[in-house]
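S.K.: Hey, dropping model_26.csv in here, CSV, C-alpha atoms:
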```
chain,number,residue,atom,x,y,z
O,1,MET,CA,3.1,-30.9,-15.7
O,2,ALA,CA,1.0,-30.4,-12.5
O,3,GLN,CA,2.0,-32.0,-9.3
O,4,ARG,CA,-1.0,-33.2,-7.2
O,5,LEU,CA,-0.6,-33.0,-3.4
O,6,THR,CA,-2.0,-36.2,-1.9
O,7,SER,CA,-0.9,-35.8,1.7
O,8,LEU,CA,0.9,-33.4,4.1
O,9,ALA,CA,3.4,-36.0,5.0
O,10,ALA,CA,4.5,-36.4,1.4
O,11,LEU,CA,5.4,-32.7,1.0
O,12,SER,CA,8.9,-33.2,2.3
O,13,GLU,CA,9.5,-36.0,-0.2
O,14,LEU,CA,8.7,-34.0,-3.3
O,15,PRO,CA,11.6,-34.1,-5.8
O,16,PHE,CA,12.1,-30.3,-6.1
O,17,ASP,CA,14.9,-28.0,-5.1
O,18,ASP,CA,12.6,-25.0,-4.3
O,19,ILE,CA,8.9,-24.4,-3.8
O,20,ILE,CA,8.0,-21.0,-5.2
O,21,ASP,CA,4.9,-19.1,-4.1
O,22,VAL,CA,4.2,-16.4,-6.7
O,23,ARG,CA,1.3,-14.9,-4.9
O,24,SER,CA,1.4,-11.3,-3.5
O,25,PRO,CA,3.4,-10.7,-0.3
O,26,SER,CA,0.2,-10.3,1.8
O,27,GLU,CA,-1.2,-13.7,0.6
O,28,TYR,CA,2.2,-15.3,1.4
O,29,ALA,CA,2.3,-13.7,4.8
O,30,GLU,CA,-1.1,-15.0,5.8
O,31,ASP,CA,-0.1,-18.6,5.0
O,32,HIS,CA,1.9,-20.6,2.5
O,33,VAL,CA,3.1,-24.1,1.7
O,34,PRO,CA,5.9,-24.9,4.3
O,35,GLY,CA,9.3,-24.1,3.0
O,36,ALA,CA,8.1,-22.1,0.1
O,37,ILE,CA,9.9,-18.9,-0.9
O,38,ASN,CA,7.9,-15.9,-2.1
O,39,LEU,CA,8.7,-14.5,-5.5
O,40,PRO,CA,5.5,-12.5,-6.3
O,41,VAL,CA,4.7,-12.0,-9.9
O,42,LEU,CA,2.2,-9.2,-8.8
O,43,SER,CA,2.7,-7.0,-5.7
O,44,ASP,CA,-0.3,-6.3,-3.5
O,45,ALA,CA,-0.8,-3.0,-5.3
O,46,GLU,CA,-0.4,-4.5,-8.7
O,47,ARG,CA,-2.8,-7.3,-8.0
O,48,ALA,CA,-5.4,-4.8,-6.8
O,49,ARG,CA,-4.9,-2.7,-9.9
O,50,VAL,CA,-5.4,-5.6,-12.3
O,51,GLY,CA,-8.4,-6.7,-10.3
O,52,THR,CA,-10.0,-3.3,-10.5
O,53,ILE,CA,-9.4,-3.1,-14.3
O,54,TYR,CA,-10.9,-6.6,-14.7
O,55,VAL,CA,-14.1,-5.7,-12.8
O,56,GLN,CA,-14.6,-2.1,-13.7
O,57,GLN,CA,-13.1,-1.7,-17.2
O,58,ASP,CA,-12.2,-4.6,-19.5
O,59,ARG,CA,-11.1,-8.2,-19.0
O,60,PHE,CA,-8.8,-8.2,-22.0
O,61,LEU,CA,-7.1,-5.0,-20.8
O,62,ALA,CA,-6.7,-6.5,-17.4
O,63,ARG,CA,-5.0,-9.6,-18.8
O,64,LYS,CA,-2.7,-7.5,-21.0
O,65,VAL,CA,-1.7,-5.2,-18.1
O,66,GLY,CA,-1.2,-8.2,-15.8
O,67,ALA,CA,0.9,-10.0,-18.4
O,68,ALA,CA,3.3,-7.0,-18.7
O,69,LEU,CA,3.6,-6.8,-14.9
O,70,VAL,CA,4.2,-10.5,-14.5
O,71,ALA,CA,6.9,-10.4,-17.2
O,72,ARG,CA,8.6,-7.4,-15.6
O,73,ASN,CA,8.6,-9.0,-12.1
O,74,ALA,CA,9.7,-12.4,-13.5
O,75,ALA,CA,12.7,-10.7,-15.0
O,76,ARG,CA,13.6,-9.1,-11.7
O,77,HIS,CA,13.4,-12.5,-9.9
O,78,ILE,CA,15.5,-14.2,-12.6
O,79,GLU,CA,18.2,-11.6,-12.4
O,80,GLY,CA,18.0,-11.4,-8.6
O,81,ALA,CA,16.9,-14.3,-6.4
O,82,LEU,CA,17.3,-16.9,-9.1
O,83,SER,CA,20.5,-15.7,-10.6
O,84,ASP,CA,22.6,-18.4,-8.9
O,85,ARG,CA,20.4,-21.4,-10.0
O,86,ASP,CA,22.1,-23.7,-12.5
O,87,GLY,CA,20.7,-25.7,-15.3
O,88,GLY,CA,19.8,-28.7,-13.2
O,89,TRP,CA,17.6,-26.6,-10.8
O,90,ARG,CA,14.1,-28.0,-10.5
O,91,PRO,CA,11.4,-25.6,-9.0
O,92,LEU,CA,7.7,-26.3,-8.0
O,93,VAL,CA,5.5,-23.2,-8.5
O,94,TYR,CA,2.1,-22.3,-7.2
O,95,CYS,CA,-0.3,-19.4,-6.9
O,96,TRP,CA,-3.8,-19.2,-5.4
O,97,ARG,CA,-5.6,-21.8,-7.6
O,98,GLY,CA,-2.8,-22.9,-9.9
O,99,GLY,CA,-3.9,-20.6,-12.7
O,100,GLN,CA,-2.6,-17.7,-14.6
O,101,ARG,CA,0.0,-16.3,-12.2
O,102,SER,CA,1.9,-19.6,-11.6
O,103,GLY,CA,1.3,-20.8,-15.2
O,104,SER,CA,2.8,-17.6,-16.6
O,105,PHE,CA,5.9,-17.7,-14.4
O,106,ALA,CA,6.4,-21.4,-14.9
O,107,ALA,CA,6.3,-20.9,-18.7
O,108,ILE,CA,9.1,-18.3,-18.5
O,109,LEU,CA,11.2,-20.6,-16.3
O,110,ALA,CA,10.6,-23.5,-18.7
O,111,GLN,CA,11.7,-21.5,-21.7
O,112,ILE,CA,15.0,-21.0,-19.9
O,113,GLY,CA,15.4,-24.7,-19.7
O,114,TRP,CA,14.5,-25.4,-16.1
O,115,ARG,CA,12.3,-28.5,-15.3
O,116,VAL,CA,9.5,-26.7,-13.6
O,117,ASP,CA,6.2,-28.1,-12.3
O,118,LEU,CA,3.0,-26.6,-10.9
O,119,ILE,CA,1.0,-27.6,-7.9
O,120,ALA,CA,-2.4,-28.7,-9.2
O,121,GLY,CA,-5.0,-26.5,-7.6
O,122,GLY,CA,-2.4,-24.1,-6.2
O,123,TYR,CA,-2.4,-23.1,-2.5
O,124,LYS,CA,-6.1,-24.0,-2.2
O,125,SER,CA,-5.2,-27.7,-2.7
O,126,TYR,CA,-2.7,-27.5,0.1
O,127,ARG,CA,-5.1,-25.7,2.3
O,128,LYS,CA,-7.7,-28.4,1.8
O,129,LEU,CA,-5.3,-31.0,3.2
O,130,VAL,CA,-4.8,-28.8,6.3
O,131,VAL,CA,-8.5,-28.3,6.8
O,132,ASP,CA,-9.2,-32.0,6.3
O,133,ALA,CA,-6.6,-32.9,8.9
O,134,LEU,CA,-7.6,-30.3,11.5
O,135,TYR,CA,-11.4,-29.8,10.9
O,136,ARG,CA,-12.9,-32.8,9.2
O,137,HIS,CA,-11.2,-36.0,10.5
O,138,PRO,CA,-10.3,-37.2,14.0
O,139,LEU,CA,-6.6,-37.3,14.7
O,140,ARG,CA,-4.7,-40.5,14.8
O,141,LEU,CA,-2.4,-39.8,17.8
O,142,SER,CA,-2.0,-40.5,21.5
O,143,PRO,CA,-1.7,-37.1,23.2
O,144,VAL,CA,-0.5,-36.8,26.8
O,145,LEU,CA,-1.0,-33.3,28.3
O,146,ILE,CA,1.5,-31.7,30.6
O,147,ASP,CA,-0.6,-29.8,33.0
O,148,GLY,CA,0.1,-27.5,36.0
O,149,GLY,CA,-0.3,-24.0,37.2
O,150,THR,CA,1.4,-21.0,35.6
O,151,GLY,CA,5.2,-21.0,36.2
O,152,THR,CA,5.6,-24.7,36.5
O,153,ALA,CA,8.0,-24.8,33.5
O,154,LYS,CA,5.7,-26.9,31.3
O,155,THR,CA,7.0,-25.4,28.0
O,156,ARG,CA,10.6,-26.0,29.2
O,157,LEU,CA,9.7,-29.6,30.0
O,158,LEU,CA,8.4,-30.0,26.5
O,159,HIS,CA,11.8,-28.8,25.1
O,160,HIS,CA,13.7,-31.3,27.3
O,161,LEU,CA,11.3,-34.1,26.2
O,162,ALA,CA,12.0,-33.2,22.6
O,163,GLN,CA,15.7,-33.2,23.1
O,164,ALA,CA,15.4,-36.7,24.7
O,165,GLY,CA,13.7,-38.0,21.5
O,166,GLU,CA,10.1,-37.9,22.7
O,167,GLN,CA,7.3,-36.6,20.4
O,168,VAL,CA,6.2,-33.1,21.3
O,169,ILE,CA,3.9,-30.4,19.9
O,170,ASP,CA,4.7,-27.0,21.2
O,171,LEU,CA,1.5,-25.1,20.6
O,172,GLU,CA,2.7,-21.9,22.4
O,173,GLY,CA,5.8,-21.8,20.3
O,174,MET,CA,3.8,-22.2,17.1
O,175,ALA,CA,1.3,-19.5,18.3
O,176,ALA,CA,4.1,-17.2,19.4
O,177,HIS,CA,2.4,-16.6,22.7
O,178,ARG,CA,3.0,-17.9,26.2
O,179,GLY,CA,-0.7,-18.6,26.8
O,180,SER,CA,-1.6,-16.2,29.6
O,181,LEU,CA,-2.9,-12.6,29.6
O,182,LEU,CA,0.7,-11.4,30.1
O,183,GLY,CA,2.1,-14.0,27.6
O,184,GLY,CA,2.4,-12.0,24.4
O,185,MET,CA,5.9,-12.1,22.9
O,186,ASP,CA,8.0,-9.5,21.0
O,187,THR,CA,7.0,-11.0,17.7
O,188,ALA,CA,3.5,-10.8,16.4
O,189,GLN,CA,1.3,-13.9,16.4
O,190,PRO,CA,0.9,-15.7,13.1
O,191,SER,CA,-2.4,-15.7,11.3
O,192,GLN,CA,-4.9,-18.5,12.2
O,193,LYS,CA,-4.1,-20.2,8.9
O,194,ALA,CA,-0.3,-20.0,9.4
O,195,PHE,CA,-0.7,-21.5,12.8
O,196,GLU,CA,-2.8,-24.3,11.5
O,197,SER,CA,-0.2,-25.0,8.8
O,198,ARG,CA,2.5,-25.3,11.5
O,199,VAL,CA,0.3,-27.6,13.6
O,200,ALA,CA,-0.8,-29.8,10.6
O,201,MET,CA,2.7,-30.3,9.4
O,202,ALA,CA,3.9,-31.2,12.9
O,203,LEU,CA,1.1,-33.7,13.3
O,204,ALA,CA,1.9,-35.2,9.9
O,205,ARG,CA,5.4,-36.1,11.0
O,206,LEU,CA,4.3,-38.0,14.2
O,207,ASP,CA,4.2,-41.7,14.8
O,208,PRO,CA,0.6,-42.4,15.9
O,209,ALA,CA,1.8,-45.5,17.8
O,210,ARG,CA,3.9,-43.3,20.2
O,211,PRO,CA,2.7,-40.8,22.8
O,212,VAL,CA,2.9,-37.1,21.9
O,213,PHE,CA,3.4,-34.6,24.7
O,214,ILE,CA,1.3,-31.3,24.5
O,215,GLU,CA,1.0,-28.6,27.1
O,216,ALA,CA,-2.5,-28.4,28.5
O,217,GLU,CA,-4.1,-25.2,27.1
O,218,SER,CA,-7.4,-23.5,26.9
O,219,ASN,CA,-8.8,-23.6,23.4
O,220,LYS,CA,-7.4,-20.2,22.7
O,221,ILE,CA,-3.7,-19.1,22.8
O,222,GLY,CA,-3.6,-15.3,22.6
O,223,ASP,CA,-5.7,-14.6,19.5
O,224,ILE,CA,-5.2,-18.1,18.0
O,225,LEU,CA,-7.8,-20.9,18.3
O,226,ILE,CA,-6.7,-24.5,18.6
O,227,PRO,CA,-8.4,-26.3,15.6
O,228,PRO,CA,-11.3,-28.6,16.5
O,229,SER,CA,-9.8,-32.0,15.7
O,230,LEU,CA,-6.7,-31.3,17.9
O,231,TRP,CA,-8.9,-29.8,20.6
O,232,ALA,CA,-11.1,-32.9,20.7
O,233,ALA,CA,-8.0,-35.1,21.0
O,234,MET,CA,-6.7,-32.9,23.9
O,235,LEU,CA,-10.0,-33.0,25.7
O,236,GLY,CA,-9.9,-36.8,25.9
O,237,ALA,CA,-6.2,-37.1,26.7
O,238,PRO,CA,-4.7,-38.1,30.0
O,239,ARG,CA,-3.0,-35.3,32.0
O,240,ILE,CA,0.1,-35.3,34.0
O,241,ARG,CA,0.1,-32.4,36.5
O,242,VAL,CA,3.4,-30.8,37.4
O,243,GLU,CA,3.7,-29.2,40.8
O,244,ALA,CA,6.4,-27.0,42.3
O,245,PRO,CA,6.9,-24.6,45.3
O,246,LEU,CA,5.6,-21.1,44.9
O,247,GLU,CA,9.1,-19.6,45.4
O,248,ALA,CA,10.5,-21.7,42.5
O,249,ARG,CA,7.6,-20.8,40.3
O,250,ALA,CA,7.9,-17.1,40.9
O,251,ALA,CA,11.6,-17.2,40.2
O,252,PHE,CA,11.0,-19.2,37.0
O,253,LEU,CA,8.5,-16.6,35.8
O,254,THR,CA,10.9,-13.7,36.3
O,255,ASN,CA,13.3,-15.5,34.0
O,256,ALA,CA,10.7,-16.7,31.5
O,257,TYR,CA,9.2,-13.2,31.1
O,258,ALA,CA,12.5,-11.3,31.2
O,259,ASP,CA,11.6,-9.6,27.9
O,260,LEU,CA,8.4,-8.2,29.4
O,261,LEU,CA,10.1,-7.1,32.6
O,262,ALA,CA,12.7,-5.2,30.7
O,263,ASP,CA,9.9,-3.0,29.2
O,264,PRO,CA,8.1,-1.2,32.1
O,265,ALA,CA,5.6,0.5,29.9
O,266,ARG,CA,4.5,-2.7,28.2
O,267,LEU,CA,4.4,-4.5,31.5
O,268,SER,CA,2.2,-1.8,33.1
O,269,GLU,CA,-0.1,-1.9,30.1
O,270,ARG,CA,-0.4,-5.7,30.3
O,271,LEU,CA,-1.2,-5.5,34.1
O,272,ALA,CA,-3.9,-3.0,33.3
O,273,GLY,CA,-5.7,-5.7,31.5
O,274,LEU,CA,-6.3,-7.4,34.9
O,275,ILE,CA,-8.4,-4.5,36.2
O,276,PRO,CA,-11.7,-6.2,35.2
O,277,TYR,CA,-10.7,-9.2,37.3
O,278,HIS,CA,-9.1,-7.5,40.4
O,279,GLY,CA,-10.0,-3.8,40.4
O,280,ARG,CA,-7.9,-0.7,40.0
O,281,GLU,CA,-6.5,-0.6,43.5
O,282,CYS,CA,-5.1,-4.1,43.4
O,283,VAL,CA,-3.6,-3.7,39.9
O,284,ALA,CA,-2.1,-0.3,40.9
O,285,GLU,CA,-0.3,-2.1,43.7
O,286,TRP,CA,1.1,-4.7,41.2
O,287,GLN,CA,2.1,-1.9,38.8
O,288,GLN,CA,3.9,-0.2,41.8
O,289,MET,CA,5.8,-3.4,42.5
O,290,ALA,CA,6.9,-3.5,38.8
O,291,GLN,CA,8.1,0.1,38.9
O,292,GLU,CA,10.2,-0.7,42.0
O,293,GLY,CA,11.7,-3.8,40.4
O,294,ARG,CA,10.2,-6.2,42.8
O,295,PHE,CA,9.6,-8.7,40.1
O,296,THR,CA,9.8,-12.0,42.1
O,297,ALA,CA,7.3,-10.6,44.6
O,298,LEU,CA,5.1,-9.5,41.7
O,299,ALA,CA,5.2,-13.0,40.1
O,300,ALA,CA,4.3,-14.6,43.4
O,301,ALA,CA,1.4,-12.2,43.9
O,302,LEU,CA,0.1,-12.9,40.4
O,303,ILE,CA,0.4,-16.7,40.9
O,304,THR,CA,-1.5,-16.7,44.2
O,305,ARG,CA,-4.1,-14.1,43.5
O,306,HIS,CA,-4.7,-14.5,39.7
O,307,TYR,CA,-3.3,-17.6,38.1
O,308,ASP,CA,-3.8,-20.3,40.7
O,309,PRO,CA,-7.5,-19.4,41.4
O,310,ARG,CA,-8.3,-19.5,37.7
O,311,TYR,CA,-6.4,-22.8,37.3
O,312,ALA,CA,-8.2,-24.3,40.3
O,313,LYS,CA,-11.6,-23.3,38.8
O,314,SER,CA,-10.7,-24.9,35.4
O,315,ALA,CA,-9.4,-28.0,37.2
O,316,THR,CA,-12.8,-28.6,38.8
O,317,ARG,CA,-14.3,-29.0,35.3
O,318,ALA,CA,-11.6,-31.4,34.1
O,319,THR,CA,-11.1,-35.1,34.8
O,320,PRO,CA,-8.6,-35.8,37.6
O,321,PRO,CA,-5.0,-36.0,36.4
O,322,ALA,CA,-3.7,-39.4,35.5
O,323,ALA,CA,-0.5,-38.7,37.6
O,324,VAL,CA,1.1,-35.9,39.5
O,325,LEU,CA,4.8,-35.0,39.2
O,326,PRO,CA,6.1,-33.0,42.2
O,327,LEU,CA,9.3,-31.1,41.6
O,328,PRO,CA,11.5,-29.6,44.4
O,329,ASP,CA,12.6,-26.8,42.1
O,330,LEU,CA,12.6,-25.8,38.4
O,331,GLU,CA,16.3,-25.8,37.7
O,332,ASP,CA,17.3,-27.2,34.3
O,333,ALA,CA,19.0,-30.2,35.9
O,334,THR,CA,15.8,-31.0,37.8
O,335,LEU,CA,13.7,-30.7,34.6
O,336,MET,CA,16.1,-32.9,32.6
O,337,GLY,CA,15.9,-35.5,35.4
O,338,ALA,CA,12.1,-35.4,35.2
O,339,VAL,CA,12.0,-36.4,31.5
O,340,ALA,CA,12.4,-40.1,32.1
O,341,ARG,CA,9.7,-40.1,34.8
O,342,LEU,CA,7.3,-38.2,32.5
O,343,ALA,CA,7.9,-40.7,29.7
O,344,GLU,CA,7.2,-43.6,32.1
O,345,LEU,CA,4.0,-41.9,33.4
O,346,ALA,CA,2.9,-41.3,29.8
O,347,ARG,CA,3.3,-45.0,29.0
O,348,GLN,CA,1.4,-45.9,32.2
O,349,SER,CA,-1.4,-43.5,31.3
O,350,ALA,CA,-1.8,-44.7,27.7
```
For the structure just supplied, provide its representation as structure tokens.

M.R.:
Amino acid sequence: MAQRLTSLAALSELPFDDIIDVRSPSEYAEDHVPGAINLPVLSDAERARVGTIYVQQDRFLARKVGAALVARNAARHIEGALSDRDGGWRPLVYCWRGGQRSGSFAAILAQIGWRVDLIAGGYKSYRKLVVDALYRHPLRLSPVLIDGGTGTAKTRLLHHLAQAGEQVIDLEGMAAHRGSLLGGMDTAQPSQKAFESRVAMALARLDPARPVFIEAESNKIGDILIPPSLWAAMLGAPRIRVEAPLEARAAFLTNAYADLLADPARLSERLAGLIPYHGRECVAEWQQMAQEGRFTALAAALITRHYDPRYAKSATRATPPAAVLPLPDLEDATLMGAVARLAELARQSA
């Protein structure tokens, strides 16, 4: 029996114990149905081998070789990852289009006695729901943007808002990037498709009648593009600008970027990326500050000479903020105290 996906919101309500993606590891890594585990019936090399035989030699031979490989890999999964599943276990299986790979694996599971279903249309049917949500239809939500210069603890404020029960979309967290030129994290960014899956699923869980807080961003976070439907909603959203003293912002940045500051070579390389904007002499001065461990002074210099001028330039092209939230410092107690005020400002801006 094939299970047809009708909406992203309904995914969490499907009556299955596990969702199994039987595609190759590289296909799974690029993107997959949220929560799915990867039990590939063909490795990347095996898939390439079968495809080559199919195109260059003989289709029947390709199917025969593929069937043997699928059976061998299915046995490995049954004896390994699935060895603890009891008779009542109910899996949902999919591949790229819901065809031979998933059908073959599901047939083996069904012979054991498990109640197994397939996703009709495979991963492509799920991806269509994501594309429809983020590319083809306007979003039904009421975004409120948390705006402000670099180092004003916007992401931390989002986390406090979420802990207080407010609706939040953390785009930088989903993109694994802090948004600025120096903002790369230790972990690699997800693929564009994987990022869109994260965003689409987060949006599907929201109550459109309540505001959703999003950090004001450019349309690109590192190498990731914000999908057009969300970007359009953000462009028309009210903004609440957070302001804080330079000293507090510089201190906050040294803590927020502690991982980068602990790696002098990586920091120097990131700073070199600013040469086209500020010249070699200026960047060499900043690199010297980093080598000497003068991180707070470096953060202050970057704020005043790089980040704030760029923010001011972008602000001239945007509509004026709906409200301004000045903070005396960026300590957690202050940020937690600002949550109620942000929620009230969001309601007034709606």

S.K.: Could you tell me how far atom CA of O:Gly293 sits from atom CA of O:Thr254, in Å to one decimal place?

M.R.: 10.7 Å

S.K.: Atom CA of O:Phe195 to atom CA of O:Met174: how many Å, to one decimal?

M.R.: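 Here the two named atoms are 6.3 Å from each other.
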
S.K.: With all atoms listed in the file as the atoms that count, which of O:Ser268, O:Thr304, O:Asn255, O:Gln111 lies nearest to O:Gln291?

M.R.: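 When distances to O:Gln291 are compared using all atoms listed in the file, the smallest one comes from O:Ser268.
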
S.K.: Which residue is closest to O:Gly113? Choose from O:Arg97, O:Ala248, O:Leu134, O:Gly88 and count all atoms listed in the file.

M.R.: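 Looking only at the distances to O:Gly113, the closest residue turns out to be O:Gly88.
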
S.K.: So how far away is atom CA of O:Ala194 from atom CA of O:Trp96, in Å?

M.R.: 15.2 Å

S.K.: Residues within 9 Å of O:Thr155, please, as an MDAnalysis selection string. Count all atoms listed in the file; anything in the same chain fewer than 2 positions from it doesn't count.

M.R.: chainID O and resid 146 152:153 157:160 170 172:173 178 214:215

S.K.: Can I get the selected residues back with C-alpha atoms, as a PDB file, keeping the file's coordinate frame?

M.R.:
```
ATOM      1  CA  ILE O 146       1.500 -31.700  30.600  1.00  0.00           C
ATOM      2  CA  THR O 152       5.600 -24.700  36.500  1.00  0.00           C
ATOM      3  CA  ALA O 153       8.000 -24.800  33.500  1.00  0.00           C
ATOM      4  CA  LEU O 157       9.700 -29.600  30.000  1.00  0.00           C
ATOM      5  CA  LEU O 158       8.400 -30.000  26.500  1.00  0.00           C
ATOM      6  CA  HIS O 159      11.800 -28.800  25.100  1.00  0.00           C
ATOM      7  CA  HIS O 160      13.700 -31.300  27.300  1.00  0.00           C
ATOM      8  CA  ASP O 170       4.700 -27.000  21.200  1.00  0.00           C
ATOM      9  CA  GLU O 172       2.700 -21.900  22.400  1.00  0.00           C
ATOM     10  CA  GLY O 173       5.800 -21.800  20.300  1.00  0.00           C
ATOM     11  CA  ARG O 178       3.000 -17.900  26.200  1.00  0.00           C
ATOM     12  CA  ILE O 214       1.300 -31.300  24.500  1.00  0.00           C
ATOM     13  CA  GLU O 215       1.000 -28.600  27.100  1.00  0.00           C
TER      14      GLU O 215
END
```

S.K.: Which residue gives the smallest distance to O:Tyr28 among O:Arg341, O:Arg49, O:Lys193, O:Arg76, with all atoms listed in the file counted?

M.R.: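 Among the listed residues, O:Lys193 lies closest to O:Tyr28.
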
S.K.: Hey, which of O:Glu269, O:Asp21, O:Glu331, O:Glu79 ends up closest to O:Ala106? Count only C-alpha atoms.

M.R.: O:Asp21

S.K.: So that I can check the surroundings of O:His77, please list as a short mmCIF file (atom, residue, chain, number, x, y, z; two decimals) with C-alpha atoms, keeping the file's coordinate frame every protein, DNA and RNA residue that reaches within 12 Å of it, counting all atoms listed in the file and ignoring chain neighbours fewer than 5 positions away.

M.R.:
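Heads up, here's the output in out_31.cif:
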```cif
data_model
loop_
_atom_site.label_atom_id
_atom_site.label_comp_id
_atom_site.auth_asym_id
_atom_site.auth_seq_id
_atom_site.Cartn_x
_atom_site.Cartn_y
_atom_site.Cartn_z
CA ILE O 20 8.00 -21.00 -5.20
CA VAL O 22 4.20 -16.40 -6.70
CA ILE O 37 9.90 -18.90 -0.90
CA ASN O 38 7.90 -15.90 -2.10
CA LEU O 39 8.70 -14.50 -5.50
CA PRO O 40 5.50 -12.50 -6.30
CA VAL O 41 4.70 -12.00 -9.90
CA LEU O 42 2.20 -9.20 -8.80
CA VAL O 70 4.20 -10.50 -14.50
CA ALA O 71 6.90 -10.40 -17.20
CA ARG O 72 8.60 -7.40 -15.60
CA LEU O 82 17.30 -16.90 -9.10
CA SER O 83 20.50 -15.70 -10.60
CA ASP O 84 22.60 -18.40 -8.90
CA ARG O 85 20.40 -21.40 -10.00
CA PHE O 105 5.90 -17.70 -14.40
CA ILE O 108 9.10 -18.30 -18.50
CA LEU O 109 11.20 -20.60 -16.30
#
```

S.K.: Considering all atoms listed in the file, return as number ranges by chain whatever protein or nucleic-acid residues lie within 12 Å of O:Thr52, sequence-local ones (same chain, fewer than 3 positions apart) excluded.

M.R.: O: 45-49, 55-59, 61-63, 65-66

S.K.: Could you tell me which of O:Cys95, O:Ala322, O:Ala244, O:Ala340 comes closest to O:Ala120 if we count all atoms listed in the file?

M.R.: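 Closest residue, counting all atoms listed in the file: O:Cys95.
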
S.K.: Show me the residues around (-9.8, -25.9, 2.3) - criterion: an atom at most 12 Å away, all atoms listed in the file counted - as JSON, numbers by chain.

M.R.: {"O": [96, 97, 121, 122, 123, 124, 125, 126, 127, 128, 129, 130, 131, 132, 133, 134, 135, 136, 193, 196, 197]}

S.K.: Write out the residues from the selection above, keeping C-alpha atoms, as a PDB file, keeping the file's coordinate frame.

M.R.:
```pdb
ATOM      1  CA  TRP O  96      -3.800 -19.200  -5.400  1.00  0.00           C
ATOM      2  CA  ARG O  97      -5.600 -21.800  -7.600  1.00  0.00           C
ATOM      3  CA  GLY O 121      -5.000 -26.500  -7.600  1.00  0.00           C
ATOM      4  CA  GLY O 122      -2.400 -24.100  -6.200  1.00  0.00           C
ATOM      5  CA  TYR O 123      -2.400 -23.100  -2.500  1.00  0.00           C
ATOM      6  CA  LYS O 124      -6.100 -24.000  -2.200  1.00  0.00           C
ATOM      7  CA  SER O 125      -5.200 -27.700  -2.700  1.00  0.00           C
ATOM      8  CA  TYR O 126      -2.700 -27.500   0.100  1.00  0.00           C
ATOM      9  CA  ARG O 127      -5.100 -25.700   2.300  1.00  0.00           C
ATOM     10  CA  LYS O 128      -7.700 -28.400   1.800  1.00  0.00           C
ATOM     11  CA  LEU O 129      -5.300 -31.000   3.200  1.00  0.00           C
ATOM     12  CA  VAL O 130      -4.800 -28.800   6.300  1.00  0.00           C
ATOM     13  CA  VAL O 131      -8.500 -28.300   6.800  1.00  0.00           C
ATOM     14  CA  ASP O 132      -9.200 -32.000   6.300  1.00  0.00           C
ATOM     15  CA  ALA O 133      -6.600 -32.900   8.900  1.00  0.00           C
ATOM     16  CA  LEU O 134      -7.600 -30.300  11.500  1.00  0.00           C
ATOM     17  CA  TYR O 135     -11.400 -29.800  10.900  1.00  0.00           C
ATOM     18  CA  ARG O 136     -12.900 -32.800   9.200  1.00  0.00           C
ATOM     19  CA  LYS O 193      -4.100 -20.200   8.900  1.00  0.00           C
ATOM     20  CA  GLU O 196      -2.800 -24.300  11.500  1.00  0.00           C
ATOM     21  CA  SER O 197      -0.200 -25.000   8.800  1.00  0.00           C
TER      22      SER O 197
END
```

S.K.: Using only C-alpha atoms, which of O:Arg239, O:His177, O:Arg90, O:Lys220 sits nearest O:Leu145?

M.R.: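 For O:Leu145, the nearest of the given residues is O:Arg239.
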
S.K.: For O:Ala237, list every protein, DNA or RNA residue within 6 Å, evaluated using only C-alpha atoms, and leave out those in the same chain fewer than 2 positions away; present the list as a PyMOL selection string.

M.R.: chain O and resi 143-144+234-235
